[in-house]
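Raw coords_28.txt, compact mmCIF, C-alpha atoms:
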```
# COMPACT_ATOMS: atom_id res chain seq x y z
CA MET A 1 -57.43 -207.22 -110.13
CA SER A 2 -60.34 -208.15 -107.88
CA LYS A 3 -61.09 -206.18 -104.73
CA ARG A 4 -60.54 -209.31 -102.56
CA ARG A 5 -57.16 -210.03 -104.17
CA SER A 6 -56.11 -206.41 -103.62
CA VAL A 7 -56.98 -206.58 -99.91
CA VAL A 8 -54.98 -209.82 -99.49
CA MET A 9 -51.95 -208.28 -101.21
CA ASN A 10 -52.17 -205.19 -99.01
CA ARG A 11 -52.23 -207.42 -95.90
CA TRP A 12 -49.18 -209.33 -97.18
CA SER A 13 -47.41 -206.01 -97.82
CA VAL A 14 -48.03 -204.95 -94.23
CA VAL A 15 -46.68 -208.29 -92.94
CA ILE A 16 -43.59 -208.08 -95.18
CA VAL A 17 -42.84 -204.50 -94.09
CA ALA A 18 -43.33 -205.44 -90.43
CA VAL A 19 -40.99 -208.45 -90.72
CA ALA A 20 -38.40 -206.33 -92.54
CA ALA A 21 -38.62 -203.64 -89.89
CA LEU A 22 -38.24 -206.23 -87.14
CA ALA A 23 -35.22 -207.77 -88.86
CA PHE A 24 -33.66 -204.32 -89.36
CA GLY A 25 -34.26 -203.54 -85.72
CA LEU A 26 -32.59 -206.78 -84.64
CA VAL A 27 -29.55 -206.04 -86.80
CA LEU A 28 -29.33 -202.54 -85.38
CA ALA A 29 -29.58 -203.88 -81.84
CA SER A 30 -26.89 -206.43 -82.51
CA VAL A 31 -24.52 -203.81 -83.97
CA SER A 32 -25.24 -201.47 -81.09
CA SER A 33 -24.62 -204.28 -78.62
CA ALA A 34 -21.29 -205.09 -80.27
CA GLN A 35 -20.19 -201.48 -79.79
CA GLU A 36 -21.22 -201.36 -76.17
CA THR A 37 -18.69 -202.29 -73.57
CA PRO A 38 -18.71 -205.89 -72.35
CA GLY A 39 -17.68 -204.91 -68.83
CA PRO A 40 -18.05 -206.93 -65.65
CA GLN A 41 -21.43 -205.34 -65.05
CA ALA A 42 -24.04 -207.34 -66.90
CA LYS A 43 -27.07 -205.19 -66.15
CA GLY A 44 -28.07 -201.60 -66.51
CA LYS A 45 -28.03 -198.99 -69.20
CA GLY A 46 -24.59 -198.21 -70.56
CA LYS A 47 -23.05 -195.81 -73.04
CA LYS A 48 -20.49 -196.64 -75.65
CA GLY A 49 -17.06 -196.94 -74.09
CA LYS A 50 -18.38 -197.01 -70.55
CA ALA A 51 -19.39 -199.76 -68.23
CA LYS A 52 -23.01 -200.67 -67.73
CA GLY A 53 -24.65 -200.20 -64.38
CA PRO A 54 -22.99 -199.55 -61.05
CA SER A 55 -19.31 -200.30 -60.91
CA MET A 56 -17.91 -203.38 -59.27
CA PRO A 57 -15.51 -203.00 -56.34
CA ALA A 58 -11.89 -202.40 -57.25
CA PRO A 59 -9.90 -205.63 -57.70
CA ARG A 60 -7.50 -206.62 -54.95
CA ASN A 61 -4.34 -208.71 -54.85
CA LYS A 62 -3.77 -211.74 -52.62
CA ASP A 63 -2.74 -209.41 -49.79
CA GLY A 64 -6.04 -207.60 -49.98
CA ARG A 65 -4.62 -204.38 -51.41
CA VAL A 66 -6.33 -202.62 -54.33
CA THR A 67 -4.62 -203.13 -57.68
CA LEU A 68 -4.56 -200.70 -60.59
CA GLY A 69 -4.84 -203.27 -63.37
CA PRO A 70 -7.69 -205.48 -64.61
CA GLY A 71 -9.30 -207.99 -62.31
CA ALA A 72 -8.39 -211.65 -62.63
CA GLY A 73 -9.34 -212.93 -66.07
CA GLN A 74 -10.34 -209.46 -67.25
CA THR A 75 -8.93 -207.05 -69.78
CA GLY A 76 -9.04 -203.29 -70.06
CA PHE A 77 -6.97 -200.21 -69.35
CA TRP A 78 -7.29 -196.58 -68.30
CA GLY A 79 -7.97 -193.75 -70.69
CA GLY A 80 -9.45 -190.31 -71.01
CA GLY A 81 -8.42 -188.27 -68.01
CA GLY A 82 -9.50 -184.71 -67.22
CA SER A 83 -7.48 -181.70 -66.18
CA ILE A 84 -5.70 -180.75 -62.95
CA THR A 85 -7.20 -177.27 -63.28
CA GLY A 86 -10.86 -176.37 -63.65
CA ARG A 87 -13.78 -178.27 -62.19
CA ASN A 88 -15.63 -179.51 -65.24
CA GLY A 89 -16.03 -183.05 -66.46
CA ALA A 90 -13.59 -185.50 -64.95
CA SER A 91 -11.66 -182.79 -63.11
CA LEU A 92 -11.86 -182.85 -59.33
CA PRO A 93 -14.31 -180.37 -57.76
CA THR A 94 -11.54 -179.13 -55.49
CA ASN A 95 -9.31 -178.04 -58.39
CA LEU A 96 -8.17 -174.47 -58.86
CA THR A 97 -9.25 -172.67 -61.97
CA ALA A 98 -6.43 -171.68 -64.32
CA ASP A 99 -6.71 -168.11 -63.05
CA GLU A 100 -6.32 -169.30 -59.47
CA VAL A 101 -3.13 -171.26 -60.11
CA PRO A 102 -0.33 -169.44 -58.23
CA LEU A 103 1.87 -168.76 -61.24
CA GLN A 104 4.83 -166.45 -61.04
CA PRO A 105 4.33 -163.38 -63.28
CA TRP A 106 6.60 -164.67 -66.07
CA ALA A 107 4.91 -168.06 -66.03
CA ARG A 108 1.42 -166.56 -66.18
CA ALA A 109 2.41 -164.30 -69.06
CA LEU A 110 3.96 -167.22 -70.93
CA TRP A 111 0.88 -169.38 -70.34
CA GLN A 112 -1.32 -166.57 -71.69
CA VAL A 113 0.85 -166.28 -74.80
CA ARG A 114 0.48 -170.02 -75.35
CA GLN A 115 -3.30 -169.71 -75.12
CA LYS A 116 -3.37 -166.75 -77.47
CA ASP A 117 -1.36 -168.48 -80.17
CA GLY A 118 -3.40 -171.67 -80.04
CA GLN A 119 -0.70 -173.69 -78.28
CA LYS A 120 1.04 -174.06 -81.62
CA ASP A 121 4.38 -174.85 -80.02
CA ASP A 122 3.14 -177.69 -77.84
CA PRO A 123 6.05 -180.19 -77.84
CA HIS A 124 3.53 -183.02 -77.71
CA ALA A 125 2.48 -182.08 -81.23
CA ARG A 126 6.04 -182.94 -82.22
CA CYS A 127 5.61 -186.35 -80.56
CA LEU A 128 7.86 -185.56 -77.61
CA PRO A 129 6.97 -187.60 -74.51
CA PRO A 130 4.57 -185.98 -72.05
CA GLY A 131 5.76 -186.24 -68.46
CA GLY A 132 3.81 -185.32 -65.33
CA PRO A 133 0.00 -185.29 -65.33
CA ARG A 134 0.04 -184.87 -69.13
CA GLN A 135 0.92 -188.54 -69.51
CA PHE A 136 -2.53 -189.42 -68.17
CA GLN A 137 -4.30 -186.93 -70.44
CA THR A 138 -3.02 -188.44 -73.67
CA PRO A 139 -5.39 -190.33 -75.97
CA ASN A 140 -5.03 -194.11 -76.41
CA GLY A 141 -4.82 -194.86 -72.73
CA PHE A 142 -2.34 -196.31 -70.30
CA GLU A 143 -1.86 -199.38 -68.17
CA PHE A 144 -0.21 -200.13 -64.82
CA ILE A 145 1.90 -203.27 -64.72
CA GLU A 146 2.69 -204.21 -61.14
CA GLU A 147 5.96 -206.10 -60.79
CA PRO A 148 6.27 -207.16 -57.14
CA ASP A 149 9.38 -209.25 -57.82
CA ARG A 150 11.18 -206.20 -59.13
CA LYS A 151 9.57 -203.89 -56.59
CA ARG A 152 8.39 -201.48 -59.22
CA ILE A 153 5.37 -200.47 -61.27
CA THR A 154 5.70 -199.87 -64.97
CA ILE A 155 3.18 -197.59 -66.63
CA VAL A 156 2.91 -198.15 -70.37
CA PHE A 157 1.30 -195.53 -72.55
CA GLY A 158 -0.66 -196.37 -75.68
CA GLY A 159 -0.51 -192.82 -77.02
CA GLY A 160 2.13 -190.27 -77.94
CA PRO A 161 5.48 -191.82 -78.76
CA ARG A 162 4.51 -195.13 -77.08
CA SER A 163 6.62 -194.68 -73.98
CA TRP A 164 6.76 -196.09 -70.46
CA ARG A 165 7.57 -194.93 -66.93
CA PHE A 166 9.02 -196.76 -63.93
CA ILE A 167 7.85 -196.15 -60.37
CA TYR A 168 10.23 -197.81 -57.95
CA LEU A 169 8.75 -199.25 -54.78
CA ASP A 170 12.00 -200.46 -53.20
CA GLY A 171 12.31 -197.48 -50.88
CA ARG A 172 15.05 -195.79 -52.86
CA LYS A 173 15.63 -192.09 -52.51
CA LEU A 174 15.34 -189.84 -55.53
CA PRO A 175 18.71 -189.09 -57.13
CA PRO A 176 20.28 -185.94 -55.69
CA ASN A 177 20.03 -182.82 -57.78
CA ASP A 178 23.64 -182.65 -58.95
CA GLU A 179 25.59 -182.85 -62.21
CA ASP A 180 25.17 -186.64 -62.37
CA ARG A 181 21.38 -186.43 -62.61
CA ILE A 182 20.24 -186.22 -66.20
CA PRO A 183 16.91 -184.39 -66.48
CA THR A 184 14.31 -186.58 -68.19
CA TYR A 185 10.78 -186.38 -69.59
CA PHE A 186 9.26 -188.65 -66.95
CA GLY A 187 11.57 -187.71 -64.09
CA TYR A 188 12.69 -190.12 -61.40
CA SER A 189 9.88 -191.71 -59.39
CA SER A 190 9.87 -193.44 -56.03
CA GLY A 191 6.59 -194.60 -54.54
CA HIS A 192 4.95 -196.53 -51.77
CA TRP A 193 1.52 -197.81 -50.88
CA ASP A 194 -0.39 -196.09 -48.07
CA GLY A 195 -3.13 -198.70 -47.68
CA ASP A 196 -4.97 -198.58 -50.99
CA VAL A 197 -3.33 -195.34 -52.16
CA LEU A 198 -0.16 -195.35 -54.24
CA THR A 199 1.87 -192.24 -53.38
CA VAL A 200 4.69 -191.30 -55.73
CA GLU A 201 7.36 -188.61 -55.41
CA SER A 202 9.02 -187.52 -58.65
CA GLU A 203 11.56 -184.95 -59.77
CA GLY A 204 14.44 -184.56 -62.19
CA TYR A 205 12.31 -183.40 -65.10
CA ASN A 206 13.69 -181.67 -68.15
CA GLU A 207 12.03 -178.58 -69.62
CA LYS A 208 11.38 -180.02 -73.06
CA PHE A 209 7.69 -180.75 -72.57
CA TRP A 210 4.47 -179.29 -71.19
CA PHE A 211 3.60 -181.14 -67.99
CA VAL A 212 -0.14 -180.54 -68.44
CA ARG A 213 -2.31 -180.13 -71.48
CA GLY A 214 -2.76 -176.40 -72.08
CA GLY A 215 0.82 -175.42 -71.38
CA LEU A 216 1.13 -174.37 -67.74
CA PRO A 217 4.90 -173.80 -67.53
CA HIS A 218 7.29 -175.75 -65.35
CA THR A 219 11.04 -175.67 -64.76
CA ASP A 220 13.71 -178.19 -63.86
CA ALA A 221 12.78 -177.59 -60.21
CA LEU A 222 9.44 -179.36 -60.65
CA HIS A 223 8.61 -181.84 -57.89
CA LEU A 224 5.39 -183.82 -58.13
CA THR A 225 3.65 -185.76 -55.39
CA GLU A 226 1.09 -188.02 -57.06
CA ARG A 227 -1.58 -190.07 -55.34
CA PHE A 228 -3.31 -192.86 -57.25
CA SER A 229 -6.41 -194.51 -55.83
CA ARG A 230 -9.22 -196.64 -57.20
CA PRO A 231 -12.53 -195.97 -55.44
CA ASP A 232 -14.26 -198.55 -57.65
CA TYR A 233 -13.44 -200.84 -60.55
CA ASP A 234 -14.13 -198.23 -63.21
CA THR A 235 -12.48 -195.19 -61.66
CA LEU A 236 -8.89 -194.15 -61.18
CA LYS A 237 -8.53 -191.06 -59.02
CA TYR A 238 -5.41 -189.07 -59.78
CA GLU A 239 -4.34 -186.32 -57.38
CA VAL A 240 -1.14 -184.33 -57.66
CA THR A 241 0.68 -181.68 -55.69
CA VAL A 242 2.72 -179.42 -57.96
CA ASN A 243 5.76 -177.89 -56.31
CA ASP A 244 7.95 -175.80 -58.59
CA PRO A 245 9.32 -172.73 -56.80
CA LYS A 246 10.84 -171.41 -60.03
CA ALA A 247 7.46 -171.20 -61.77
CA TYR A 248 4.85 -170.98 -58.97
CA THR A 249 4.59 -168.91 -55.82
CA ARG A 250 3.53 -171.89 -53.71
CA PRO A 251 2.71 -175.60 -54.07
CA TRP A 252 -0.78 -176.32 -55.38
CA ASP A 253 -3.05 -179.31 -55.84
CA GLY A 254 -5.16 -180.65 -58.66
CA GLY A 255 -6.48 -183.88 -60.04
CA PHE A 256 -8.99 -185.75 -62.12
CA THR A 257 -10.56 -189.14 -62.54
CA VAL A 258 -9.88 -191.55 -65.37
CA PRO A 259 -12.42 -194.16 -66.53
CA TRP A 260 -11.65 -197.83 -67.05
CA THR A 261 -11.88 -198.73 -70.71
CA TYR A 262 -13.30 -202.14 -71.59
CA THR A 263 -12.94 -201.91 -75.34
CA ASN A 264 -9.94 -201.16 -77.48
CA TRP A 265 -9.43 -197.46 -77.98
CA ASP A 266 -11.27 -197.57 -81.30
CA GLY A 267 -14.37 -199.04 -79.64
CA PHE A 268 -13.89 -202.60 -80.81
CA PRO A 269 -13.94 -205.40 -78.23
CA GLY A 270 -10.71 -206.52 -76.66
CA GLY A 271 -9.68 -204.08 -73.96
CA GLU A 272 -6.07 -204.12 -75.06
CA LEU A 273 -3.69 -201.25 -75.81
CA GLN A 274 -3.25 -201.14 -79.55
CA GLU A 275 -0.19 -200.20 -81.53
CA TYR A 276 -0.07 -196.48 -82.09
CA LEU A 277 2.94 -194.30 -82.79
CA CYS A 278 2.61 -190.53 -82.85
CA GLN A 279 5.54 -190.29 -85.24
CA ASP A 280 3.75 -192.37 -87.85
CA ASN A 281 2.09 -189.98 -90.28
CA GLU A 282 2.34 -187.13 -87.80
CA ARG A 283 0.84 -183.98 -89.30
CA ASP A 284 0.05 -181.77 -86.33
CA TRP A 285 3.35 -179.96 -86.26
CA GLU A 286 3.12 -178.60 -89.79
CA ARG A 287 -0.56 -177.81 -89.37
CA LEU A 288 0.06 -175.88 -86.17
CA ARG A 289 2.94 -173.79 -87.56
CA MET B 1 46.06 -169.55 -60.41
CA ARG B 2 46.37 -171.39 -63.73
CA ILE B 3 44.51 -174.38 -62.27
CA ALA B 4 41.80 -172.08 -61.00
CA LYS B 5 41.41 -170.57 -64.48
CA ILE B 6 41.23 -173.99 -66.11
CA GLY B 7 38.68 -175.04 -63.54
CA PHE B 8 36.65 -171.94 -64.22
CA VAL B 9 36.68 -172.57 -67.98
CA GLY B 10 35.66 -176.19 -67.37
CA ALA B 11 32.83 -175.06 -65.14
CA MET B 12 31.63 -172.64 -67.79
CA MET B 13 31.71 -175.35 -70.46
CA TRP B 14 29.78 -177.71 -68.19
CA LEU B 15 27.30 -174.95 -67.45
CA GLY B 16 26.68 -174.37 -71.14
CA ALA B 17 26.14 -178.07 -71.73
CA ALA B 18 23.86 -178.42 -68.73
CA LEU B 19 21.68 -175.56 -69.87
CA ALA B 20 21.30 -176.78 -73.43
CA PRO B 21 18.22 -179.02 -72.87
CA ALA B 22 16.03 -176.26 -71.37
CA GLN B 23 13.46 -174.79 -73.71
CA GLU B 24 9.89 -174.65 -72.35
CA GLY B 25 10.57 -173.20 -68.89
CA HIS B 26 11.66 -169.67 -68.09
CA PRO B 27 12.08 -168.03 -71.51
CA LEU B 28 15.52 -166.56 -70.77
CA VAL B 29 17.14 -169.72 -69.46
CA GLY B 30 19.76 -171.15 -71.76
CA ALA B 31 22.71 -170.20 -73.91
CA TRP B 32 22.27 -167.50 -76.52
CA HIS B 33 24.56 -166.70 -79.41
CA GLY B 34 24.72 -163.69 -81.69
CA ASN B 35 26.56 -160.41 -82.03
CA TRP B 36 26.55 -156.72 -81.29
CA GLY B 37 27.91 -153.77 -83.19
CA VAL B 38 27.46 -150.22 -84.37
CA THR B 39 27.00 -151.04 -88.05
CA ASP B 40 25.85 -154.10 -89.97
CA LYS B 41 29.42 -154.75 -91.13
CA ASP B 42 31.24 -154.25 -87.84
CA ARG B 43 29.90 -156.97 -85.56
CA ASN B 44 31.28 -158.64 -82.45
CA ASP B 45 30.31 -162.20 -81.54
CA ILE B 46 28.72 -162.60 -78.14
CA THR B 47 27.48 -165.51 -76.08
CA VAL B 48 25.09 -164.86 -73.22
CA VAL B 49 24.20 -167.55 -70.69
CA MET B 50 21.21 -166.93 -68.46
CA MET B 51 19.76 -168.85 -65.53
CA TRP B 52 16.70 -168.46 -63.33
CA ASP B 53 16.66 -169.53 -59.68
CA GLY B 54 13.05 -168.61 -59.03
CA LYS B 55 13.85 -165.08 -57.89
CA GLU B 56 16.76 -163.74 -59.89
CA ILE B 57 18.17 -163.96 -63.39
CA THR B 58 21.86 -164.68 -63.24
CA GLY B 59 24.45 -165.57 -65.83
CA MET B 60 27.32 -164.19 -67.84
CA ILE B 61 28.45 -162.77 -71.13
CA ASN B 62 31.09 -164.70 -73.08
CA PRO B 63 31.75 -167.58 -70.66
CA GLY B 64 35.45 -168.16 -70.29
CA LEU B 65 38.45 -166.42 -68.77
CA ASP B 66 37.12 -162.96 -69.54
CA ALA B 67 33.46 -163.61 -68.80
CA GLY B 68 31.35 -160.75 -67.55
CA LYS B 69 28.92 -161.58 -64.78
CA LEU B 70 25.37 -160.38 -65.43
CA GLN B 71 24.15 -157.63 -63.15
CA LYS B 72 20.69 -156.15 -62.68
CA ALA B 73 19.21 -158.68 -65.09
CA SER B 74 15.44 -158.47 -65.35
CA LEU B 75 12.54 -159.59 -67.49
CA ASN B 76 9.31 -157.63 -67.78
CA PRO B 77 6.70 -160.23 -68.76
CA ALA B 78 4.15 -157.51 -69.53
CA ASN B 79 5.99 -156.71 -72.76
CA TRP B 80 8.81 -159.30 -72.72
CA THR B 81 11.54 -156.70 -72.47
CA VAL B 82 14.89 -157.64 -70.97
CA HIS B 83 17.56 -155.59 -69.24
CA PHE B 84 21.00 -156.63 -68.09
CA GLU B 85 24.34 -155.08 -67.34
CA ALA B 86 27.87 -156.39 -66.97
CA ASP B 87 31.46 -155.30 -66.48
CA MET B 88 33.97 -157.00 -68.74
CA LYS B 89 37.09 -156.48 -70.79
CA ASP B 90 36.85 -155.09 -74.28
CA ARG B 91 39.16 -156.02 -77.19
CA SER B 92 41.95 -153.87 -75.79
CA GLY B 93 41.71 -155.49 -72.40
CA ALA B 94 40.22 -152.45 -70.71
CA MET B 95 37.26 -152.93 -68.39
CA VAL B 96 34.03 -151.49 -69.76
CA HIS B 97 30.49 -151.37 -68.53
CA ILE B 98 27.80 -152.93 -70.71
CA THR B 99 24.11 -152.11 -70.63
CA ALA B 100 21.72 -154.08 -72.83
CA ASP B 101 18.01 -153.50 -73.32
CA GLY B 102 16.16 -155.82 -75.65
CA LYS B 103 12.89 -157.48 -76.45
CA LEU B 104 12.12 -161.17 -76.80
CA GLU B 105 10.72 -162.23 -80.14
CA ASP B 106 9.08 -165.47 -81.24
CA LEU B 107 8.69 -166.22 -77.56
CA THR B 108 7.30 -169.75 -77.71
CA ASN B 109 9.90 -170.96 -80.19
CA VAL B 110 12.87 -172.80 -78.69
CA ARG B 111 15.03 -170.73 -81.06
CA ARG B 112 13.55 -167.47 -79.80
CA SER B 113 15.57 -164.31 -80.22
CA LEU B 114 16.45 -161.25 -78.18
CA SER B 115 17.46 -157.95 -79.78
CA GLY B 116 17.79 -154.32 -78.82
CA THR B 117 20.35 -151.72 -77.83
CA TRP B 118 23.85 -152.51 -76.57
CA VAL B 119 25.89 -149.82 -74.89
CA GLN B 120 29.50 -150.79 -74.27
CA GLY B 121 31.46 -148.03 -72.59
CA PRO B 122 30.97 -144.92 -74.72
CA VAL B 123 29.85 -146.89 -77.77
CA LYS B 124 26.18 -147.42 -78.52
CA GLY B 125 25.07 -150.13 -80.91
CA ASP B 126 22.56 -152.89 -81.27
CA PHE B 127 22.60 -156.58 -80.49
CA ARG B 128 20.85 -159.69 -81.81
CA ILE B 129 21.14 -163.05 -80.09
CA LYS B 130 19.29 -166.31 -80.65
CA ARG B 131 18.72 -169.05 -78.13
CA ASP B 132 20.46 -172.37 -78.73
CA ASN B 133 18.47 -175.57 -79.08
```

Produce structure tokens that represent the structure in this file.
Amino acid sequence: MSKRRSVVMNRWSVVIVAVAALAFGLVLASVSSAQETPGPQAKGKGKKGKAKGPSMPAPRNKDGRVTLGPGAGQTGFWGGGGSITGRNGASLPTNLTADEVPLQPWARALWQVRQKDGQKDDPHARCLPPGGPRQFQTPNGFEFIEEPDRKRITIVFGGGPRSWRFIYLDGRKLPPNDEDRIPTYFGYSSGHWDGDVLTVESEGYNEKFWFVRGGLPHTDALHLTERFSRPDYDTLKYEVTVNDPKAYTRPWDGGFTVPWTYTNWDGFPGGELQEYLCQDNERDWERLR
Amino acid sequence: MRIAKIGFVGAMMWLGAALAPAQEGHPLVGAWHGNWGVTDKDRNDITVVMMWDGKEITGMINPGLDAGKLQKASLNPANWTVHFEADMKDRSGAMVHITADGKLEDLTNVRRSLSGTWVQGPVKGDFRIKRDN
């Protein structure tokens, strides 16, 4: 091979490698782009599963009140909440730490036992429905469906045993605590809007579940006052007052924020709750025993 | 009097049914079944129903016409020991005082158990009860 021919071939090799690298880069960019969230914000640097750039204002209904669902023509749902204790991550900076929660002595001791044994008896691992704040801490997200004609909000949950919860907005009182009230996983909820804040009073819970992840105990005396607000399109602020005089020495507050999810839970485009059933191929319970 | 007794039995049955769902709250709340006795062969069936109002543990032994109301019931969460007393009729119909001291086992299991010493009048034995689902 002549020296000139060798030089030409080397130049061609460089060009071919450069073109291949460029093509590979374009493919990578396209894949990466497909995994990023196609949210309402078109500009800015985003992470997978999160919106790009500053959030848009929260959507409003025809009466001008903030809504908790997607904006007109949009998709998406809420998913990935924090904890009502502790101040890390999505938890509110005003939260108590677990040690500061005013537990009665028996409840604190029971909570410590649950921590020590790795929470192996968590009813959620047996696919029992999670009431209270736990319902917003469950993977696979949740969605508010406002039903003004029926004066209620239905919350549907994409995780756990695929359950739902009604919040009545017709001004009804909670059922009296007598023999006719059947304790339930999600309790009985009556709410109202204070401006842009949805305030919900709930009680009538059974004791078959852990009302928060981590196993803080509750009893059938649990009364929750929940406040839902949406400071911007991508953020749901959840605040709750826990009042259970059989398990705590006084009422206490906690909360967290939940991000808006533009993709499906698995990261693919769509922004729709997907079918998921905890009971299908459930293996946690045996593993935890 | 008969109506009052029937009403009492009905109330006890309702109470047992109402307590059945509880399992993750106060560890003593619920209906417990088991037995007590002096030897492994000589056992006496017992049912203990316990409730928690936020300050006191209340309840009864053997709900029904001859139920014994729990007295001085307490739980020490430092070691999960339990104490309760009651006055109730024995097999012969005579009133006897019962003192039970036990320890909770398998605490986080809905079918947790409570066992220990059972003193009924002059007789000292042991008891083993398990919480219903």

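Neighbours of region 113-123 of chain B closer than or equal to 7 Å, with only C-alpha atoms counted and sequence neighbours fewer than 4 positions away skipped, come out as Trp36, Val96, His97, Ile98, Thr99, Ala100, Asp101, Gly102, Lys103, Leu104, Glu105, Asp106, Phe127, Arg128, Ile129, Lys130 and Arg131 of chain B.
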
Write the residues of the preceding selection, restricted to C-alpha atoms, as an mmCIF file, in the coordinates of the input.
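So the final result, stored in part-v8.cif, reads:
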```cif
data_model
loop_
_atom_site.group_PDB
_atom_site.id
_atom_site.type_symbol
_atom_site.label_atom_id
_atom_site.label_comp_id
_atom_site.auth_asym_id
_atom_site.auth_seq_id
_atom_site.Cartn_x
_atom_site.Cartn_y
_atom_site.Cartn_z
ATOM 1 C CA TRP B 36 26.550 -156.720 -81.290
ATOM 2 C CA VAL B 96 34.030 -151.490 -69.760
ATOM 3 C CA HIS B 97 30.490 -151.370 -68.530
ATOM 4 C CA ILE B 98 27.800 -152.930 -70.710
ATOM 5 C CA THR B 99 24.110 -152.110 -70.630
ATOM 6 C CA ALA B 100 21.720 -154.080 -72.830
ATOM 7 C CA ASP B 101 18.010 -153.500 -73.320
ATOM 8 C CA GLY B 102 16.160 -155.820 -75.650
ATOM 9 C CA LYS B 103 12.890 -157.480 -76.450
ATOM 10 C CA LEU B 104 12.120 -161.170 -76.800
ATOM 11 C CA GLU B 105 10.720 -162.230 -80.140
ATOM 12 C CA ASP B 106 9.080 -165.470 -81.240
ATOM 13 C CA PHE B 127 22.600 -156.580 -80.490
ATOM 14 C CA ARG B 128 20.850 -159.690 -81.810
ATOM 15 C CA ILE B 129 21.140 -163.050 -80.090
ATOM 16 C CA LYS B 130 19.290 -166.310 -80.650
ATOM 17 C CA ARG B 131 18.720 -169.050 -78.130
#
```

Checklist entry - Around (15.2, -159.3, -68.4) in the file's own coordinates, what residues are found within 9 Å if you use all atoms listed in the file, given back as a ChimeraX atom specification? => result /B:28,57,72-77,80-84,101-103

Keeping only C-alpha atoms, take the residues you just selected and write them out as a tab-separated table (two decimals), in the coordinates of the input.
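The result, stored in again-v8.tsv:
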```tsv
chain	number	residue	atom	x	y	z
B	28	LEU	CA	15.52	-166.56	-70.77
B	57	ILE	CA	18.17	-163.96	-63.39
B	72	LYS	CA	20.69	-156.15	-62.68
B	73	ALA	CA	19.21	-158.68	-65.09
B	74	SER	CA	15.44	-158.47	-65.35
B	75	LEU	CA	12.54	-159.59	-67.49
B	76	ASN	CA	9.31	-157.63	-67.78
B	77	PRO	CA	6.70	-160.23	-68.76
B	80	TRP	CA	8.81	-159.30	-72.72
B	81	THR	CA	11.54	-156.70	-72.47
B	82	VAL	CA	14.89	-157.64	-70.97
B	83	HIS	CA	17.56	-155.59	-69.24
B	84	PHE	CA	21.00	-156.63	-68.09
B	101	ASP	CA	18.01	-153.50	-73.32
B	102	GLY	CA	16.16	-155.82	-75.65
B	103	LYS	CA	12.89	-157.48	-76.45
```

Checklist entry - region 40-51 of chain B: which residues within 10 Å, counting only C-alpha atoms, same-chain residues fewer than 4 positions away excluded, as a PyMOL selection string? => result chain B and resi 12+15-16+19+26-36+56-63+67-70+73+91+125-131

Residues just named, written with C-alpha atoms as a compact mmCIF listing (two decimals), keeping the file's coordinate frame:
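The result, stored in part.txt:
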```txt
# COMPACT_ATOMS: atom_id res chain seq x y z
CA MET B 12 31.63 -172.64 -67.79
CA LEU B 15 27.30 -174.95 -67.45
CA GLY B 16 26.68 -174.37 -71.14
CA LEU B 19 21.68 -175.56 -69.87
CA HIS B 26 11.66 -169.67 -68.09
CA PRO B 27 12.08 -168.03 -71.51
CA LEU B 28 15.52 -166.56 -70.77
CA VAL B 29 17.14 -169.72 -69.46
CA GLY B 30 19.76 -171.15 -71.76
CA ALA B 31 22.71 -170.20 -73.91
CA TRP B 32 22.27 -167.50 -76.52
CA HIS B 33 24.56 -166.70 -79.41
CA GLY B 34 24.72 -163.69 -81.69
CA ASN B 35 26.56 -160.41 -82.03
CA TRP B 36 26.55 -156.72 -81.29
CA GLU B 56 16.76 -163.74 -59.89
CA ILE B 57 18.17 -163.96 -63.39
CA THR B 58 21.86 -164.68 -63.24
CA GLY B 59 24.45 -165.57 -65.83
CA MET B 60 27.32 -164.19 -67.84
CA ILE B 61 28.45 -162.77 -71.13
CA ASN B 62 31.09 -164.70 -73.08
CA PRO B 63 31.75 -167.58 -70.66
CA ALA B 67 33.46 -163.61 -68.80
CA GLY B 68 31.35 -160.75 -67.55
CA LYS B 69 28.92 -161.58 -64.78
CA LEU B 70 25.37 -160.38 -65.43
CA ALA B 73 19.21 -158.68 -65.09
CA ARG B 91 39.16 -156.02 -77.19
CA GLY B 125 25.07 -150.13 -80.91
CA ASP B 126 22.56 -152.89 -81.27
CA PHE B 127 22.60 -156.58 -80.49
CA ARG B 128 20.85 -159.69 -81.81
CA ILE B 129 21.14 -163.05 -80.09
CA LYS B 130 19.29 -166.31 -80.65
CA ARG B 131 18.72 -169.05 -78.13
```

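Among the candidates A:Glu207, A:Glu201, A:Ser163, A:Gly80, the one nearest to Asn133 (chain B) when counting all atoms listed in the file is A:Glu207.
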
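Each of A:Thr249, A:Ser190, A:Ser91, A:Gln74 was compared to chain B using all atoms listed in the file, and A:Thr249 turns out to be the nearest.
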